[in-house]
file input08.cif (mmCIF, C-alpha atoms and all ligand atoms)
data_final
loop_
_atom_site.label_atom_id
_atom_site.label_comp_id
_atom_site.auth_asym_id
_atom_site.auth_seq_id
_atom_site.Cartn_x
_atom_site.Cartn_y
_atom_site.Cartn_z
CA MET A 1 -18.18 2.97 8.21
CA TYR A 2 -18.17 -0.60 9.39
CA GLU A 3 -20.92 -1.83 7.09
CA VAL A 4 -19.06 -5.04 6.37
CA PHE A 5 -18.49 -5.68 10.07
CA ALA A 6 -22.05 -4.68 10.95
CA ALA A 7 -23.51 -7.00 8.34
CA LEU A 8 -21.62 -9.85 9.94
CA GLY A 9 -22.50 -9.08 13.58
CA ALA A 10 -21.08 -6.84 16.25
CA GLN A 11 -17.79 -8.66 16.80
CA PRO A 12 -16.99 -10.53 13.60
CA PRO A 13 -13.72 -12.40 13.51
CA LEU A 14 -11.18 -10.46 11.51
CA ASP A 15 -10.15 -13.55 9.60
CA ILE A 16 -13.49 -13.43 7.82
CA TYR A 17 -11.66 -11.18 5.37
CA TYR A 18 -8.90 -13.61 4.75
CA THR A 19 -9.64 -16.98 3.25
CA PRO A 20 -6.36 -18.77 2.65
CA LYS A 21 -5.94 -20.50 -0.71
CA HIS A 22 -8.45 -18.23 -2.42
CA GLY A 23 -6.30 -15.45 -3.80
CA SER A 24 -9.04 -13.59 -5.61
CA GLN A 25 -11.34 -13.74 -2.58
CA ILE A 26 -8.61 -12.20 -0.42
CA MET A 27 -8.30 -9.32 -2.85
CA GLU A 28 -12.08 -8.85 -2.99
CA ASN A 29 -12.16 -8.64 0.79
CA VAL A 30 -9.40 -6.03 0.83
CA LEU A 31 -11.34 -4.04 -1.79
CA ALA A 32 -14.44 -4.20 0.44
CA LEU A 33 -12.39 -2.80 3.33
CA LEU A 34 -11.04 -0.01 1.10
CA ARG A 35 -14.57 0.89 -0.03
CA ASP A 36 -16.16 0.67 3.41
CA SER A 37 -13.53 2.85 5.04
CA GLY A 38 -13.77 5.48 2.30
CA ALA A 39 -10.17 4.78 1.26
CA MET A 40 -11.18 4.04 -2.33
CA LEU A 41 -13.28 6.67 -4.05
CA GLU A 42 -14.83 6.02 -7.43
CA GLY A 43 -15.74 8.96 -9.67
CA HIS A 44 -13.76 11.59 -11.56
CA PHE A 45 -10.66 12.95 -9.84
CA LEU A 46 -7.97 15.51 -10.50
CA LEU A 47 -4.71 13.94 -9.25
CA SER A 48 -1.80 15.92 -7.83
CA SER A 49 0.14 14.97 -10.98
CA GLY A 50 -2.42 16.94 -13.03
CA ARG A 51 -3.84 13.79 -14.61
CA HIS A 52 -7.48 12.76 -14.31
CA SER A 53 -8.54 9.38 -12.91
CA ASP A 54 -11.66 7.31 -12.25
CA ARG A 55 -10.41 6.18 -8.81
CA TYR A 56 -8.65 7.82 -5.93
CA PHE A 57 -7.02 6.13 -2.93
CA GLN A 58 -6.49 7.62 0.49
CA CYS A 59 -5.28 4.56 2.40
CA ALA A 60 -5.01 6.52 5.65
CA LYS A 61 -8.80 6.32 5.78
CA LEU A 62 -8.51 2.54 6.17
CA LEU A 63 -5.30 2.45 8.17
CA GLN A 64 -6.78 4.73 10.86
CA TYR A 65 -8.67 1.64 12.08
CA PRO A 66 -6.16 -0.84 13.51
CA ASP A 67 -8.52 -3.79 13.09
CA MET A 68 -9.12 -2.97 9.42
CA ALA A 69 -5.38 -2.45 8.85
CA ALA A 70 -4.69 -5.84 10.44
CA ALA A 71 -7.38 -7.53 8.35
CA ALA A 72 -6.36 -5.88 5.07
CA LEU A 73 -2.72 -6.94 5.47
CA ALA A 74 -3.31 -10.40 7.00
CA GLY A 75 -3.37 -12.15 3.63
CA ILE A 76 0.03 -10.97 2.48
CA ALA A 77 1.49 -11.27 5.99
CA GLU A 78 0.55 -14.95 5.96
CA LYS A 79 2.02 -15.52 2.50
CA ILE A 80 5.22 -13.62 3.33
CA GLY A 81 5.51 -15.57 6.60
CA GLN A 82 5.13 -18.86 4.71
CA ASP A 83 7.81 -17.85 2.22
CA ILE A 84 10.19 -16.88 5.03
CA ARG A 85 9.62 -20.17 6.87
CA SER A 86 10.11 -22.21 3.70
CA GLY A 87 13.39 -20.43 2.98
CA ASP A 88 12.14 -18.86 -0.26
CA LEU A 89 12.44 -15.36 1.18
CA GLU A 90 14.81 -13.72 3.66
CA VAL A 91 13.66 -10.67 5.61
CA ASP A 92 15.27 -9.03 8.65
CA ALA A 93 13.22 -5.82 8.76
CA VAL A 94 10.28 -4.07 7.13
CA VAL A 95 10.81 -0.54 5.79
CA GLY A 96 8.44 1.89 4.09
CA PRO A 97 8.75 5.45 2.80
CA ALA A 98 6.90 8.11 4.84
CA MET A 99 4.06 8.86 5.10
CA GLY A 100 2.18 6.16 3.24
CA GLY A 101 4.53 3.33 4.13
CA ILE A 102 4.75 3.94 7.87
CA ILE A 103 1.62 2.17 9.09
CA VAL A 104 1.86 -0.57 6.45
CA ALA A 105 5.44 -1.27 7.59
CA TYR A 106 4.43 -1.24 11.25
CA GLU A 107 1.46 -3.57 10.77
CA LEU A 108 3.36 -6.07 8.61
CA GLY A 109 6.26 -5.97 11.08
CA ARG A 110 3.81 -6.65 13.90
CA GLN A 111 2.22 -9.60 12.12
CA LEU A 112 5.57 -11.03 11.01
CA GLY A 113 7.40 -10.44 14.29
CA LEU A 114 10.00 -8.22 12.58
CA PRO A 115 11.28 -4.71 13.31
CA ALA A 116 9.70 -1.99 11.18
CA PHE A 117 10.89 1.51 10.45
CA PHE A 118 10.64 4.17 7.79
CA ALA A 119 12.57 6.45 5.46
CA GLU A 120 11.55 10.08 4.99
CA ARG A 121 12.59 13.14 3.06
CA ASP A 122 15.35 15.34 4.52
CA ASP A 123 15.61 19.12 4.17
CA THR A 124 16.89 18.77 0.61
CA GLY A 125 13.96 16.57 -0.41
CA ALA A 126 16.10 13.43 -0.66
CA MET A 127 14.93 10.16 0.92
CA ALA A 128 16.90 9.51 4.13
CA LEU A 129 17.00 7.41 7.29
CA ARG A 130 16.58 9.68 10.29
CA ARG A 131 15.61 9.35 13.97
CA GLY A 132 18.56 7.04 14.66
CA PHE A 133 17.25 4.22 12.44
CA GLU A 134 20.22 2.12 11.37
CA LEU A 135 20.89 -0.67 8.92
CA LYS A 136 23.31 -3.52 9.38
CA PRO A 137 25.46 -4.46 6.37
CA GLY A 138 23.61 -7.00 4.24
CA GLN A 139 20.38 -6.62 6.19
CA LYS A 140 17.47 -8.07 4.19
CA ILE A 141 14.62 -5.62 3.76
CA LEU A 142 10.96 -6.07 2.89
CA LEU A 143 10.09 -2.74 1.30
CA VAL A 144 6.44 -1.67 1.66
CA GLU A 145 4.09 1.03 0.39
CA ASP A 146 0.42 1.88 0.78
CA VAL A 147 -0.35 2.50 -2.90
CA ILE A 148 1.97 1.76 -5.80
CA THR A 149 1.15 3.93 -8.81
CA THR A 150 4.40 4.76 -10.57
CA GLY A 151 6.95 3.23 -8.20
CA LYS A 152 8.82 6.51 -7.76
CA SER A 153 8.59 6.50 -3.98
CA TYR A 154 9.65 2.91 -3.29
CA GLY A 155 12.29 3.22 -6.01
CA GLU A 156 13.92 6.13 -4.18
CA CYS A 157 13.65 4.23 -0.91
CA ALA A 158 15.27 1.10 -2.39
CA PHE A 159 18.10 3.22 -3.81
CA LEU A 160 18.70 4.72 -0.36
CA LEU A 161 18.63 1.38 1.49
CA GLU A 162 20.90 -0.42 -0.96
CA GLY A 163 23.24 2.56 -0.96
CA LEU A 164 23.53 2.10 2.81
CA GLY A 165 24.50 -1.55 2.40
CA ALA A 166 21.14 -3.27 2.88
CA LYS A 167 19.51 -5.61 0.37
CA VAL A 168 15.87 -5.26 -0.68
CA THR A 169 14.53 -8.81 -1.01
CA ALA A 170 10.81 -8.20 -1.63
CA LEU A 171 8.16 -5.54 -2.14
CA ALA A 172 4.66 -5.41 -0.61
CA CYS A 173 1.80 -2.94 -0.80
CA LEU A 174 -1.81 -2.48 0.19
CA VAL A 175 -2.93 -1.38 -3.28
CA ASP A 176 -1.25 -2.05 -6.61
CA ARG A 177 -2.72 0.41 -9.10
CA ARG A 178 0.06 0.36 -11.67
CA GLN A 179 -0.92 0.70 -15.30
CA ALA A 180 2.52 -0.34 -16.47
CA GLY A 181 5.97 -1.15 -15.17
CA GLU A 182 7.79 -4.28 -14.13
CA ILE A 183 8.63 -5.11 -10.53
CA THR A 184 11.84 -7.05 -10.26
CA TRP A 185 11.50 -8.24 -6.65
CA PRO A 186 9.13 -10.87 -5.31
CA PHE A 187 5.93 -8.82 -5.05
CA TYR A 188 3.10 -9.11 -2.48
CA PRO A 189 0.18 -6.76 -3.26
CA ALA A 190 -2.77 -7.05 -0.85
CA CYS A 191 -5.00 -6.10 -3.77
CA LYS A 192 -4.71 -5.02 -7.38
CA VAL A 193 -7.04 -2.36 -8.72
CA GLU A 194 -7.64 -1.35 -12.29
CA ALA A 195 -7.69 2.45 -12.24
CA THR A 196 -7.52 4.44 -15.43
CA ASN A 197 -5.95 7.84 -15.69
CA TRP A 198 -5.75 10.29 -18.55
CA ASP A 199 -4.03 13.51 -19.57
CA ALA A 200 -6.28 16.39 -18.55
CA GLY A 201 -6.90 17.26 -22.20
CA ASP A 202 -7.80 13.71 -23.16
CA CYS A 203 -10.02 12.58 -20.27
CA GLU A 204 -12.94 10.29 -21.11
CA LEU A 205 -14.87 11.51 -18.06
CA CYS A 206 -14.41 15.19 -19.01
CA LYS A 207 -15.74 14.34 -22.47
CA LYS A 208 -18.89 13.00 -20.78
CA GLY A 209 -19.29 16.31 -18.95
CA ILE A 210 -18.74 14.80 -15.48
CA PRO A 211 -17.24 17.42 -13.10
CA ALA A 212 -13.78 16.54 -11.74
CA VAL A 213 -13.13 16.55 -7.99
CA LYS A 214 -9.83 17.45 -6.40
CA PRO A 215 -9.37 14.89 -3.60
CA GLY A 216 -8.77 16.35 -0.19
CA SER A 217 -10.62 19.50 -1.12
CA ARG A 218 -14.00 20.28 0.39
CA LYS A 219 -14.99 22.04 -2.79
CA ILE A 220 -16.35 20.15 -5.74
ZN ZN B 1 -11.39 14.55 -16.52
#
call {"tool": "encode", "arguments": {"input": "input08.cif", "output": "structure tokens", "more": "lines below"}}
Ligand code: ZN
result
Amino acid sequence: MYEVFAALGAQPPLDIYYTPKHGSQIMENVLALLRDSGAMLEGHFLLSSGRHSDRYFQCAKLLQYPDMAAAALAGIAEKIGQDIRSGDLEVDAVVGPAMGGIIVAYELGRQLGLPAFFAERDDTGAMALRRGFELKPGQKILLVEDVITTGKSYGECAFLLEGLGAKVTALACLVDRRQAGEITWPFYPACKVEATNWDAGDCELCKKGIPAVKPGSRKI
């Protein structure tokens, strides 16, 4: 589980994963954490959308370890902090959509010294603020996700927050695995991963006869 840590000694400093001023190295280190924690699986997967993919992410596998979560998000926390201090970015609170965004929001809020909360689906399936979470008019929000694939989840969350009078000023995520799509806010991905997905009937891996796995299932 902690192969990277173990290879570096029993108590390696967490900042070993974050080398400021070397953007690509930061992303490589985040990828190593994703692999070592089992959060990034490589193979042939049947996604919940019905499409097939060569990678599958279950970020909860990484985020269950607070030290790994802190290390994986340290790079973007530092950059976001710099941009706030320089006046390039305004953020009053960090908000993520449940479930994936909860721990990412918490950990970035912790590192940035900002409040963090989350939006979740109500009984009708619409994204909502519950549990007494409140926004102030004009409050500047850093919106966060674990994995960004299509943007549907953060898009709904942004629509909710702006509808309540807040302003989304930036977007951050642990893994950016988009194949297409523009992001119109300042964007802070902790890592970017090329993952290919196909229609079930047009899957390159199926054509090679490789069996597809449904993630989360014990059966193969
Ligand atoms: Zn396939």
call {"tool": "atom_distance", "arguments": {"input": "input08.cif", "atom1": "CA of Glu120 (chain A)", "atom2": "CA of Leu47 (chain A)"}}
result
22.0 Å
call {"tool": "closest_atom_pairs", "arguments": {"input": "input08.cif", "of": "chain A", "to": "ligand ZN 1 (chain B)", "cutoff": "12 Å", "atoms": "all atoms listed in the file", "output": "CSV"}}
result
residue,atom,partner,partner_atom,distance
A:Gly43,CA,B:ZN1,ZN,9.9
A:His44,CA,B:ZN1,ZN,6.2
A:Phe45,CA,B:ZN1,ZN,6.9
A:Leu46,CA,B:ZN1,ZN,7.0
A:Leu47,CA,B:ZN1,ZN,9.9
A:Gly50,CA,B:ZN1,ZN,9.9
A:Arg51,CA,B:ZN1,ZN,7.8
A:His52,CA,B:ZN1,ZN,4.8
A:Ser53,CA,B:ZN1,ZN,6.9
A:Asp54,CA,B:ZN1,ZN,8.4
A:Arg55,CA,B:ZN1,ZN,11.4
A:Thr196,CA,B:ZN1,ZN,10.9
A:Asn197,CA,B:ZN1,ZN,8.7
A:Trp198,CA,B:ZN1,ZN,7.4
A:Asp199,CA,B:ZN1,ZN,8.0
A:Ala200,CA,B:ZN1,ZN,5.8
A:Gly201,CA,B:ZN1,ZN,7.7
A:Asp202,CA,B:ZN1,ZN,7.6
A:Cys203,CA,B:ZN1,ZN,4.5
A:Glu204,CA,B:ZN1,ZN,6.5
A:Leu205,CA,B:ZN1,ZN,4.9
A:Cys206,CA,B:ZN1,ZN,4.0
A:Lys207,CA,B:ZN1,ZN,7.4
A:Lys208,CA,B:ZN1,ZN,8.8
A:Gly209,CA,B:ZN1,ZN,8.5
A:Ile210,CA,B:ZN1,ZN,7.4
A:Pro211,CA,B:ZN1,ZN,7.4
A:Ala212,CA,B:ZN1,ZN,5.7
A:Val213,CA,B:ZN1,ZN,8.9
A:Lys214,CA,B:ZN1,ZN,10.6
call {"tool": "atom_distance", "arguments": {"input": "input08.cif", "atom1": "CA of Ala158 (chain A)", "atom2": "CA of Leu41 (chain A)"}}
result
29.1 Å
call {"tool": "closest_residue", "arguments": {"input": "input08.cif", "among": "A:Asp36, A:Pro189, A:Met127, A:Leu112", "to": "Arg85 (chain A)", "atoms": "all atoms listed in the file"}}
result
A:Leu112
call {"tool": "atom_distance", "arguments": {"input": "input08.cif", "atom1": "CA of Gly165 (chain A)", "atom2": "CA of Ile141 (chain A)"}}
result
10.8 Å
call {"tool": "closest_residue", "arguments": {"input": "input08.cif", "among": "A:Glu156, A:Glu134, A:Glu162, A:Asp83", "to": "Pro97 (chain A)", "atoms": "only C-alpha atoms"}}
result
A:Glu156
call {"tool": "closest_residue", "arguments": {"input": "input08.cif", "among": "A:Arg110, A:Leu62, A:Gln179, A:Ala71", "to": "Met27 (chain A)", "atoms": "all atoms listed in the file"}}
result
A:Ala71
call {"tool": "closest_residue", "arguments": {"input": "input08.cif", "among": "A:Val30, A:Val175, A:Ala98, A:Cys157", "to": "Ala70 (chain A)", "atoms": "all atoms listed in the file"}}
result
A:Val30
call {"tool": "closest_residue", "arguments": {"input": "input08.cif", "among": "A:Glu78, A:Glu42, A:Glu145, A:Asp67", "to": "Gly113 (chain A)", "atoms": "all atoms listed in the file"}}
result
A:Glu78
call {"tool": "closest_residue", "arguments": {"input": "input08.cif", "among": "A:Cys173, A:Met99, A:Ile26, A:Leu89", "to": "Ala60 (chain A)", "atoms": "all atoms listed in the file"}}
result
A:Met99
